[in-house]
$ cat run.txt   # compact mmCIF, C-alpha atoms
# COMPACT_ATOMS: atom_id res chain seq x y z
CA MET A 282 147.06 51.16 122.49
CA SER A 283 146.49 51.29 118.78
CA SER A 284 144.29 48.87 116.88
CA ASP A 285 145.00 50.09 113.36
CA ASN A 286 146.47 46.71 112.49
CA ASN A 287 143.08 45.18 113.22
CA ASN A 288 141.42 46.77 110.17
CA ILE A 289 140.45 44.39 107.42
CA ILE A 290 141.23 45.28 103.82
CA ILE A 291 138.18 46.16 101.76
CA SER A 292 137.50 47.51 98.31
CA PRO A 293 135.35 50.53 99.01
CA THR A 294 133.17 52.29 96.52
CA SER A 295 133.02 55.98 97.32
CA ARG A 296 130.28 58.37 96.33
CA ASP A 297 129.16 61.79 97.43
CA ALA A 298 126.06 61.50 99.58
CA ASP A 299 125.53 65.12 100.51
CA SER A 300 127.90 67.43 98.59
CA SER A 301 131.11 68.00 100.59
CA SER A 302 129.69 67.18 104.01
CA THR A 303 129.43 63.41 103.77
CA THR A 304 131.35 60.53 102.30
CA THR A 305 130.08 57.00 101.91
CA THR A 306 132.17 53.87 101.60
CA THR A 307 130.49 50.58 100.91
CA ALA A 308 132.22 47.50 102.30
CA THR A 309 131.14 44.22 100.77
CA SER A 310 131.06 41.36 103.25
CA SER A 311 129.29 38.74 101.12
CA ASP A 312 131.08 35.39 100.89
CA ASN A 313 132.89 36.37 104.08
CA LEU A 314 131.88 33.53 106.39
CA SER A 315 133.29 35.12 109.50
CA PRO A 316 135.00 38.39 110.34
CA PHE A 317 137.25 36.35 112.64
CA PRO A 318 139.09 33.16 111.71
CA SER A 319 137.28 30.57 113.80
CA PRO A 320 139.51 28.02 115.52
CA ALA A 321 139.18 24.45 114.31
CA ALA A 322 138.79 23.21 117.88
CA ALA A 323 136.60 24.65 120.60
CA PRO A 324 138.16 27.71 122.24
CA VAL A 325 139.05 27.57 125.91
CA ALA A 326 136.10 28.60 128.07
CA LEU A 327 136.27 32.18 129.25
CA SER A 328 137.50 32.81 132.77
CA TRP A 329 137.39 36.08 134.69
CA PRO A 330 140.85 37.57 135.33
CA PRO A 331 141.85 37.17 139.00
CA ASP A 332 142.56 40.90 139.27
CA GLY A 333 139.35 41.81 137.43
CA LYS A 334 141.27 43.76 134.77
CA LEU A 335 140.53 43.00 131.16
CA ASN A 336 143.08 43.34 128.36
CA LEU A 337 142.96 43.23 124.57
CA GLU A 338 143.85 39.54 124.52
CA TRP A 339 140.80 38.76 126.69
CA ILE A 340 138.59 40.87 124.43
CA GLN A 341 139.86 39.09 121.32
CA HIS A 342 139.29 35.77 123.06
CA ILE A 343 135.66 36.63 123.81
CA MET A 344 135.06 37.75 120.22
CA SER A 345 136.50 34.54 118.84
CA ALA A 346 134.66 32.39 121.40
CA LEU A 347 131.29 34.03 120.76
CA ASP A 348 131.72 33.73 117.01
CA TRP A 349 132.74 30.07 117.28
CA SER A 350 129.96 29.09 119.67
CA SER A 351 127.31 30.74 117.48
CA ARG A 352 128.40 28.51 114.60
CA ASN A 353 129.18 25.24 116.36
CA LEU A 354 127.13 24.88 119.55
CA PRO A 355 123.41 24.63 120.28
CA PRO A 356 122.15 27.62 122.28
CA SER A 357 121.75 25.48 125.41
CA ALA A 358 125.52 24.84 125.42
CA PHE A 359 126.37 28.54 125.66
CA PRO A 360 127.32 28.30 129.39
CA SER A 361 130.17 25.95 128.42
CA VAL A 362 131.79 28.97 126.77
CA PHE A 363 130.41 31.80 128.94
CA SER A 364 129.72 30.48 132.43
CA VAL A 365 127.36 32.11 134.92
CA PRO A 366 130.24 33.20 137.23
CA VAL A 367 131.96 34.96 134.31
CA PHE A 368 128.64 36.53 133.30
CA ASP A 369 128.06 37.74 136.86
CA ALA A 370 131.53 39.27 137.13
CA LEU A 371 131.25 41.06 133.78
CA VAL A 372 127.75 42.43 134.32
CA LEU A 373 128.48 43.54 137.88
CA THR A 374 131.65 45.37 136.83
CA ALA A 375 129.97 46.99 133.83
CA SER A 376 126.86 47.96 135.80
CA LYS A 377 128.94 49.79 138.40
CA ILE A 378 130.54 51.84 135.63
CA LEU A 379 127.29 52.54 133.77
CA HIS A 380 125.23 53.55 136.81
CA LYS A 381 127.84 56.18 137.72
CA GLU A 382 127.61 57.86 134.32
CA PRO A 383 125.26 60.83 133.82
CA ASN A 384 122.09 60.73 131.75
CA CYS A 385 123.78 62.76 129.03
CA LEU A 386 127.45 61.97 128.51
CA GLN A 387 129.80 64.83 127.72
CA ILE A 388 132.50 63.38 125.46
CA GLU A 389 134.99 66.21 125.34
CA THR A 390 138.57 65.01 125.89
CA LEU A 391 139.33 64.54 122.22
CA ASP A 392 142.86 64.85 120.82
CA SER A 393 143.75 66.28 117.43
CA ASP A 394 144.20 62.76 116.07
CA SER A 395 141.05 61.31 117.65
CA THR A 396 138.04 60.01 115.76
CA VAL A 397 134.60 59.12 117.08
CA VAL A 398 132.62 56.19 115.64
CA VAL A 399 128.85 56.29 116.15
CA VAL A 400 126.89 53.05 115.78
CA GLY A 401 123.13 52.57 115.44
CA ASP A 402 120.79 49.64 116.11
CA LEU A 403 122.42 46.18 116.20
CA HIS A 404 119.50 43.94 117.25
CA GLY A 405 121.42 40.80 118.09
CA GLN A 406 123.24 40.56 114.77
CA LEU A 407 126.55 39.52 116.34
CA HIS A 408 128.45 38.75 113.15
CA ASP A 409 127.66 42.13 111.62
CA LEU A 410 128.91 43.79 114.81
CA LEU A 411 132.14 41.81 114.58
CA PHE A 412 132.55 42.95 111.00
CA LEU A 413 131.83 46.57 111.95
CA LEU A 414 134.51 46.50 114.67
CA LYS A 415 137.07 45.14 112.24
CA ASP A 416 136.06 47.56 109.51
CA ALA A 417 136.05 50.69 111.66
CA GLY A 418 139.04 49.62 113.76
CA PHE A 419 138.81 48.49 117.36
CA PRO A 420 138.26 51.05 120.11
CA ALA A 421 141.59 52.65 121.00
CA GLN A 422 142.98 55.67 122.80
CA ASN A 423 142.38 57.77 119.67
CA ARG A 424 139.23 55.96 118.49
CA ILE A 425 136.11 56.44 120.59
CA PHE A 426 132.90 54.49 120.05
CA VAL A 427 129.38 55.67 120.89
CA PHE A 428 126.70 53.01 120.54
CA ASN A 429 123.15 54.32 120.18
CA GLY A 430 121.24 51.42 121.76
CA ASP A 431 119.04 48.49 120.68
CA TYR A 432 121.64 45.77 121.18
CA VAL A 433 119.11 42.97 121.75
CA ASP A 434 115.83 41.53 120.40
CA ARG A 435 114.83 40.17 117.00
CA GLY A 436 118.27 38.80 116.12
CA ALA A 437 119.39 35.41 117.47
CA TRP A 438 122.51 36.63 119.29
CA GLY A 439 121.35 39.55 121.42
CA LEU A 440 122.99 38.14 124.53
CA GLU A 441 126.35 37.69 122.80
CA THR A 442 126.11 41.18 121.30
CA PHE A 443 125.36 42.81 124.65
CA LEU A 444 128.04 40.88 126.55
CA LEU A 445 130.68 41.73 123.96
CA LEU A 446 129.88 45.43 124.23
CA LEU A 447 129.95 45.25 128.02
CA ALA A 448 133.40 43.66 127.80
CA TRP A 449 134.64 46.53 125.64
CA LYS A 450 133.07 48.99 128.10
CA VAL A 451 134.88 47.44 131.06
CA PHE A 452 138.16 47.31 129.13
CA MET A 453 137.99 50.92 127.86
CA PRO A 454 135.37 52.76 129.94
CA HIS A 455 136.38 56.19 128.62
CA ARG A 456 136.62 55.12 124.97
CA VAL A 457 133.46 53.01 124.66
CA TYR A 458 130.07 54.51 125.50
CA LEU A 459 126.85 52.51 125.52
CA LEU A 460 123.54 54.38 125.35
CA ARG A 461 120.14 52.86 125.99
CA GLY A 462 117.68 51.96 123.25
CA ASN A 463 113.96 51.36 123.60
CA HIS A 464 114.58 47.60 123.35
CA GLU A 465 116.72 47.67 126.50
CA SER A 466 113.52 47.33 128.52
CA LYS A 467 111.45 44.63 130.19
CA TYR A 468 108.49 45.05 127.87
CA CYS A 469 110.34 44.89 124.55
CA THR A 470 112.59 42.01 125.59
CA SER A 471 109.53 39.99 126.64
CA VAL A 472 107.91 40.50 123.22
CA TYR A 473 110.79 40.52 120.73
CA GLY A 474 112.82 37.56 121.91
CA PHE A 475 115.63 38.51 124.27
CA GLU A 476 113.99 37.08 127.39
CA LYS A 477 113.35 33.74 125.67
CA GLU A 478 116.87 33.79 124.22
CA VAL A 479 118.38 34.13 127.69
CA MET A 480 116.15 31.41 129.12
CA THR A 481 117.09 29.07 126.27
CA LYS A 482 120.81 29.66 126.61
CA TYR A 483 121.07 29.55 130.40
CA GLY A 484 118.27 27.13 131.32
CA ASP A 485 117.58 27.02 135.06
CA LYS A 486 119.90 30.03 135.53
CA GLY A 487 118.05 31.99 132.86
CA LYS A 488 115.87 34.02 135.22
CA HIS A 489 118.95 35.09 137.15
CA VAL A 490 120.80 36.12 133.97
CA TYR A 491 117.77 37.95 132.55
CA ARG A 492 117.23 39.86 135.81
CA LYS A 493 120.89 40.94 135.85
CA CYS A 494 120.61 42.14 132.24
CA LEU A 495 117.53 44.20 133.08
CA GLY A 496 119.39 45.81 135.96
CA CYS A 497 122.25 46.65 133.63
CA PHE A 498 119.82 48.14 131.09
CA GLU A 499 118.60 50.57 133.76
CA GLY A 500 122.11 51.95 134.10
CA LEU A 501 122.64 52.76 130.44
CA PRO A 502 122.87 56.53 129.80
CA LEU A 503 120.26 58.17 127.58
CA ALA A 504 122.27 60.51 125.35
CA SER A 505 125.66 61.98 124.57
CA ILE A 506 127.13 65.24 123.37
CA ILE A 507 130.35 64.83 121.41
CA ALA A 508 132.86 67.70 121.36
CA GLY A 509 130.04 70.09 122.18
CA ARG A 510 128.88 69.77 118.56
CA VAL A 511 126.97 66.51 118.15
CA TYR A 512 123.97 65.20 120.11
CA THR A 513 123.27 61.47 119.94
CA ALA A 514 120.37 59.48 121.39
CA HIS A 515 118.43 56.42 120.35
CA GLY A 516 115.08 58.04 119.54
CA GLY A 517 115.93 61.72 119.66
CA LEU A 518 114.41 64.84 121.15
CA PHE A 519 112.28 65.24 124.26
CA ARG A 520 109.71 67.51 125.83
CA SER A 521 109.87 69.93 128.73
CA ILE A 522 107.92 68.75 131.76
CA PRO A 523 106.13 71.74 133.33
CA GLY A 524 104.88 71.80 136.86
CA THR A 525 107.10 69.07 138.26
CA PRO A 526 106.58 69.14 142.05
CA SER A 527 109.57 69.59 144.33
CA LYS A 528 108.53 66.56 146.39
CA ARG A 529 107.20 63.26 145.10
CA SER A 530 103.61 62.57 146.13
CA LYS A 531 103.22 59.85 148.71
CA GLY A 532 100.79 56.98 148.53
CA LYS A 533 99.75 54.72 145.69
CA LYS A 534 96.65 56.78 144.87
CA ASN A 535 98.77 59.76 143.88
CA ARG A 536 101.32 57.90 141.77
CA ARG A 537 99.30 57.76 138.56
CA ILE A 538 98.45 61.45 138.21
CA SER A 539 98.89 62.33 134.55
CA LEU A 540 100.54 65.65 133.83
CA ASN A 541 100.76 65.14 130.09
CA PRO A 542 100.45 68.58 128.53
CA GLU A 543 98.02 69.10 125.68
CA PRO A 544 99.62 68.77 122.21
CA ASN A 545 99.43 72.53 121.59
CA SER A 546 101.42 73.19 124.78
CA LEU A 547 104.29 70.82 124.08
CA CYS A 548 107.73 72.38 123.94
CA LEU A 549 111.26 71.04 123.73
CA GLY A 550 113.01 70.18 126.96
CA SER A 551 116.39 71.43 128.13
CA LEU A 552 119.62 69.55 128.69
CA GLU A 553 119.24 70.38 132.38
CA GLU A 554 115.89 68.59 132.43
CA LEU A 555 117.46 65.64 130.63
CA SER A 556 120.20 65.48 133.24
CA LYS A 557 117.63 65.25 136.05
CA ALA A 558 115.34 62.62 134.49
CA ARG A 559 115.05 59.29 136.32
CA ARG A 560 116.42 56.70 133.88
CA SER A 561 116.50 53.73 136.28
CA VAL A 562 113.16 52.28 135.20
CA LEU A 563 112.57 48.89 133.57
CA ASP A 564 110.07 50.43 131.15
CA PRO A 565 110.08 54.20 130.56
CA PRO A 566 106.58 55.50 131.41
CA TRP A 567 104.34 57.10 128.79
CA GLU A 568 102.42 59.18 131.34
CA GLY A 569 103.10 60.95 134.61
CA LEU A 570 106.14 62.92 135.73
CA ASN A 571 108.99 60.98 134.18
CA LEU A 572 108.34 61.27 130.44
CA ILE A 573 111.78 62.33 129.26
CA PRO A 574 113.36 58.84 129.16
CA GLY A 575 110.46 57.57 127.05
CA ASP A 576 110.79 60.53 124.69
CA VAL A 577 114.54 60.07 124.26
CA LEU A 578 114.14 56.34 123.53
CA TRP A 579 110.93 56.26 121.48
CA SER A 580 110.48 59.54 119.58
CA ASP A 581 110.69 59.95 115.79
CA PRO A 582 111.30 62.82 113.38
CA SER A 583 108.60 64.00 111.03
CA MET A 584 108.43 66.27 108.01
CA SER A 585 105.47 68.08 109.54
CA PRO A 586 106.36 71.09 111.70
CA GLY A 587 105.84 71.14 115.43
CA LEU A 588 105.98 68.78 118.37
CA SER A 589 103.18 66.26 118.89
CA PRO A 590 102.46 62.95 120.64
CA ASN A 591 103.70 59.90 118.75
CA LYS A 592 100.29 58.26 118.39
CA GLU A 593 101.55 55.47 116.15
CA ARG A 594 103.92 54.16 118.81
CA GLY A 595 101.80 55.18 121.78
CA ILE A 596 104.81 56.70 123.55
CA GLY A 597 107.26 59.49 122.79
CA LEU A 598 106.95 62.35 120.34
CA LEU A 599 107.03 63.34 116.69
CA TRP A 600 109.09 66.45 115.92
CA GLY A 601 109.45 68.48 112.76
CA PRO A 602 112.33 70.31 111.05
CA ASP A 603 111.49 73.47 112.99
CA CYS A 604 112.11 71.60 116.26
CA THR A 605 115.41 70.27 114.95
CA GLU A 606 116.44 73.83 114.11
CA GLU A 607 115.36 75.07 117.54
CA PHE A 608 117.30 72.34 119.35
CA LEU A 609 120.47 72.80 117.30
CA LYS A 610 120.42 76.56 117.70
CA LYS A 611 119.48 76.59 121.38
CA PHE A 612 122.18 74.14 122.46
CA LYS A 613 124.78 75.23 119.89
CA VAL A 614 125.19 71.82 118.28
CA LYS A 615 125.47 71.15 114.56
CA LEU A 616 124.37 67.56 114.26
CA ILE A 617 121.82 65.16 115.76
CA ILE A 618 122.49 61.45 115.26
CA ARG A 619 119.64 59.17 116.29
CA SER A 620 118.66 55.60 115.38
CA HIS A 621 115.49 53.64 116.21
CA GLU A 622 114.11 53.12 112.68
CA GLY A 623 115.02 50.26 110.39
CA PRO A 624 113.77 49.55 106.87
CA ASP A 625 110.52 48.03 108.14
CA ALA A 626 109.65 51.17 110.07
CA ARG A 627 110.70 53.55 107.32
CA GLU A 628 108.52 52.01 104.64
CA LYS A 629 105.53 53.22 106.66
CA ARG A 630 106.79 56.79 107.10
CA PRO A 631 105.67 59.06 104.25
CA GLY A 632 108.04 61.89 103.43
CA LEU A 633 111.11 60.26 104.98
CA ALA A 634 113.76 58.36 103.04
CA GLY A 635 114.13 54.58 103.23
CA MET A 636 116.89 52.82 105.12
CA ASP A 637 118.52 51.11 102.12
CA GLU A 638 122.01 52.47 102.86
CA GLY A 639 121.84 52.25 106.66
CA TYR A 640 121.37 55.98 107.18
CA THR A 641 119.20 58.90 106.14
CA ILE A 642 119.52 62.67 106.40
CA ASP A 643 116.04 63.56 107.63
CA HIS A 644 116.28 67.28 108.35
CA ASP A 645 118.73 69.66 106.71
CA VAL A 646 118.12 73.04 108.34
CA GLU A 647 120.01 76.30 108.72
CA SER A 648 121.87 75.30 111.90
CA GLY A 649 122.76 71.73 110.91
CA LYS A 650 121.39 68.26 110.21
CA LEU A 651 119.39 65.41 111.70
CA ILE A 652 120.59 61.91 110.79
CA THR A 653 119.03 58.50 111.41
CA LEU A 654 121.64 55.74 111.66
CA PHE A 655 120.90 52.00 111.53
CA SER A 656 123.72 49.47 111.84
CA ALA A 657 121.91 46.14 111.34
CA PRO A 658 122.15 45.09 107.66
CA ASP A 659 119.68 42.67 106.05
CA TYR A 660 117.24 43.42 108.88
CA PRO A 661 115.25 41.88 110.42
CA GLN A 662 117.09 38.57 110.64
CA PHE A 663 113.78 36.68 110.68
CA GLN A 664 111.23 37.96 108.18
CA ALA A 665 107.82 36.53 107.38
CA THR A 666 107.83 37.56 103.71
CA GLU A 667 110.02 35.98 101.04
CA GLU A 668 111.04 39.41 99.75
CA ARG A 669 113.66 40.81 102.12
CA TYR A 670 114.59 44.46 102.59
CA ASN A 671 118.27 43.71 101.88
CA ASN A 672 119.23 46.97 103.54
CA LYS A 673 122.82 47.86 104.31
CA GLY A 674 123.98 48.81 107.77
CA ALA A 675 126.06 51.90 108.42
CA TYR A 676 128.22 53.62 110.99
CA VAL A 677 129.39 57.23 111.17
CA VAL A 678 132.94 58.49 111.69
CA LEU A 679 133.39 61.97 113.15
CA ASN A 680 136.78 63.53 112.51
CA PRO A 681 138.65 66.48 114.06
CA PRO A 682 138.78 69.35 114.47
CA CYS A 683 135.03 69.96 114.85
CA PHE A 684 133.67 66.37 114.76
CA ASP A 685 130.45 67.60 113.14
CA ASN A 686 131.04 66.60 109.50
CA PRO A 687 129.81 62.98 109.34
CA GLU A 688 131.55 60.38 107.23
CA PHE A 689 129.17 57.53 106.43
CA HIS A 690 130.33 53.93 106.03
CA SER A 691 127.74 51.51 104.68
CA PHE A 692 128.25 47.75 104.72
CA GLU A 693 126.43 44.60 103.72
CA ALA A 694 125.48 41.74 106.03
CA ILE A 695 127.82 38.86 106.72
CA ALA A 696 126.61 36.07 104.46
CA PRO A 697 125.58 33.41 104.97
CA ARG A 698 124.55 33.83 108.58
CA PRO A 699 124.88 30.83 110.86
CA LYS A 700 121.63 28.91 111.10
CA ALA A 701 119.53 29.83 114.10
CA ASN A 702 115.96 29.66 115.30
CA PRO A 703 114.02 32.79 116.25
CA TYR A 704 113.16 33.47 119.88
CA TYR A 705 109.89 35.25 119.10
CA ASP A 706 106.90 34.72 116.82
CA TYR A 707 108.13 36.95 114.04
CA GLU A 708 105.16 36.13 111.80
CA ASP A 709 102.54 37.42 114.22
CA VAL A 710 104.36 39.76 116.58
CA ILE A 711 103.74 43.51 116.46
CA ASP A 712 105.70 45.05 113.61
CA SER A 713 108.01 48.03 114.01
CA ASP A 714 107.20 48.49 117.72
CA GLU A 715 103.76 49.86 116.86
CA ASP A 716 100.48 49.61 118.76
CA LEU A 717 102.17 48.70 122.02
CA ASP A 718 100.30 47.15 124.91
CA LEU A 719 100.93 50.09 127.18
CA ALA A 720 99.16 48.54 130.14
CA SER A 721 101.88 45.88 130.37
CA MET A 722 104.55 48.58 130.50
CA VAL A 723 103.27 50.14 133.74
CA THR A 724 105.95 50.77 136.33
CA ALA A 725 105.54 52.60 139.63
CA LEU A 726 106.23 56.28 139.15
$ encode --input "run.txt" --output "structure tokens"
Amino acid sequence: MSSDNNNIIISPTSRDADSSSTTTTTATSSDNLSPFPSPAAAPVALSWPPDGKLNLEWIQHIMSALDWSSRNLPPSAFPSVFSVPVFDALVLTASKILHKEPNCLQIETLDSDSTVVVVGDLHGQLHDLLFLLKDAGFPAQNRIFVFNGDYVDRGAWGLETFLLLLAWKVFMPHRVYLLRGNHESKYCTSVYGFEKEVMTKYGDKGKHVYRKCLGCFEGLPLASIIAGRVYTAHGGLFRSIPGTPSKRSKGKKNRRISLNPEPNSLCLGSLEELSKARRSVLDPPWEGLNLIPGDVLWSDPSMSPGLSPNKERGIGLLWGPDCTEEFLKKFKVKLIIRSHEGPDAREKRPGLAGMDEGYTIDHDVESGKLITLFSAPDYPQFQATEERYNNKGAYVVLNPPCFDNPEFHSFEAIAPRPKANPYYDYEDVIDSDEDLDLASMVTAL
């Protein structure tokens, strides 16, 4: 199946971003009210196919229906378009696929005409996701998508965004890969709006829908390796966990033993350790035996050498260019693509570039590069200050034969956005995921 005819026509402005290794095209989406022509009348409510097999027509129907409902219906009317039985069928089918996938996906069956599209944070900005899919071209047999997490929270359409991506996953399970972000967790969704969004849209069925979403989050893989050359994960690198016992201690008293190594003893973990980490947790722990999921989802790069605890976030690590070089060299990859930091986070990070274009090249070392990719333009949707960041979003295209020479595509936000109310107190809530209430994130280890 080819979706080349689904590309919209744009007038790109090309510029060299990093000599011959990167190319940037800027797609202007202002004055574009919708990436999909919305039907004048309400679309037919979605129904689950009797045989459980999705096709492109069903996918296009869901995209059109979600776009239309976001513009024409109050949130409480969402079940009239996406009923609970359809939700249950989609999430159950997708969860079965996701839970069978390994912690670190090996994306290797790439043809000579294949491309891989890598997408960063989306944060409930449905209309920008719809634009991105049209701009990059829909997933197809020769066009693979890897999404780097953070589908929900902050934006007003996290549920629609997540359900659309699950639909693509069910339709093309070996061409669409969904990784977990730090916001695919119980703690973050209770603070940054997704839980309230679900409760608002599904009413008395909201708790059921939210619980099913959390279960699906637990199944999302943590990382991917593309063509043996590119490592992608939401936050990034992770530590080795020394002294892991062969048997789990029994009894509640022994469950909270902290084996956090001292900062001077931290060292990078292996892909084997990553493969064995226990990802099926509602909130990745910040202490104990199962630290790797939290590292992969929460860690950040730094310009200072070495590996150290991420004290600003309270979970995960900070790693320097020397660690990037060590990881690239040790695992014979040329590129790390991570996400996790938008313009609000980057303005507080001395030594690292801002997120104006939707991406940054953070480390350029002998063995390759570290890239941060952010795909939510004009972020956050709800901002307390009058002066907005007005950042662009971006996605990366990896082309054959080596798939390690990134092509950057920046794009502006769909404007104007449909009117919507926030689902969290964006004026007072913790900014940039900092100073987390770790006690509320406790899960049994």
$ residues_around --input "run.txt" --residues "Ala326 of chain A" --least-positions-apart "6" --cutoff "8 Å" --atoms "all atoms listed in the file" --output "compact mmCIF listing (two decimals) with C-alpha atoms, in the frame of the given file"
# COMPACT_ATOMS: atom_id res chain seq x y z
CA ALA A 346 134.66 32.39 121.40
CA SER A 361 130.17 25.95 128.42
CA VAL A 362 131.79 28.97 126.77
CA PHE A 363 130.41 31.80 128.94
CA SER A 364 129.72 30.48 132.43
$ residues_around --input "run.txt" --residues "Leu599 of chain A" --least-positions-apart "2" --cutoff "10 Å" --atoms "all atoms listed in the file" --output "PyMOL selection string"
chain A and resi 517-519+576+579-594+596-597+601+604
$ closest_residue --input "run.txt" --among "A:Lys615, A:Lys482, A:Lys334, A:Lys488" --to "Phe359 of chain A" --atoms "all atoms listed in the file"
A:Lys482
$ residues_around --input "run.txt" --residues "Ala514 of chain A" --least-positions-apart "6" --cutoff "8 Å" --atoms "only C-alpha atoms" --output "JSON, numbers by chain"
{"A": [429, 460, 503, 504, 505, 577, 578, 618, 619, 620]}
$ closest_residue --input "run.txt" --among "A:Val372, A:Ile388, A:Leu459, A:Ala417" --to "Cys497 of chain A" --atoms "only C-alpha atoms"
A:Val372
$ atom_distance --input "run.txt" --atom1 "atom CA of Ile642 of chain A" --atom2 "atom CA of Ala421 of chain A"
28.3 Å
$ closest_residue --input "run.txt" --among "A:Val457, A:Ile695, A:Val646, A:Leu379" --to "Leu501 of chain A" --atoms "only C-alpha atoms"
A:Leu379
$ closest_residue --input "run.txt" --among "A:Lys700, A:His644, A:Lys486, A:His515" --to "Gly575 of chain A" --atoms "only C-alpha atoms"
A:His515
$ residues_around --input "run.txt" --residues "Ile506 of chain A" --least-positions-apart "3" --cutoff "7 Å" --atoms "all atoms listed in the file" --output "ChimeraX atom specification"
/A:386-388,509-513
$ atom_distance --input "run.txt" --atom1 "atom CA of Gln406 of chain A" --atom2 "atom CA of Tyr660 of chain A"
8.9 Å
$ closest_residue --input "run.txt" --among "A:Val562, A:Leu335, A:Val472, A:Leu447" --to "Glu499 of chain A" --atoms "all atoms listed in the file"
A:Val562
$ closest_residue --input "run.txt" --among "A:Gly595, A:Gly674, A:Pro360, A:Gly635" --to "Phe655 of chain A" --atoms "all atoms listed in the file"
A:Gly674
$ atom_distance --input "run.txt" --atom1 "atom CA of Arg435 of chain A" --atom2 "atom CA of Met480 of chain A"
15.0 Å
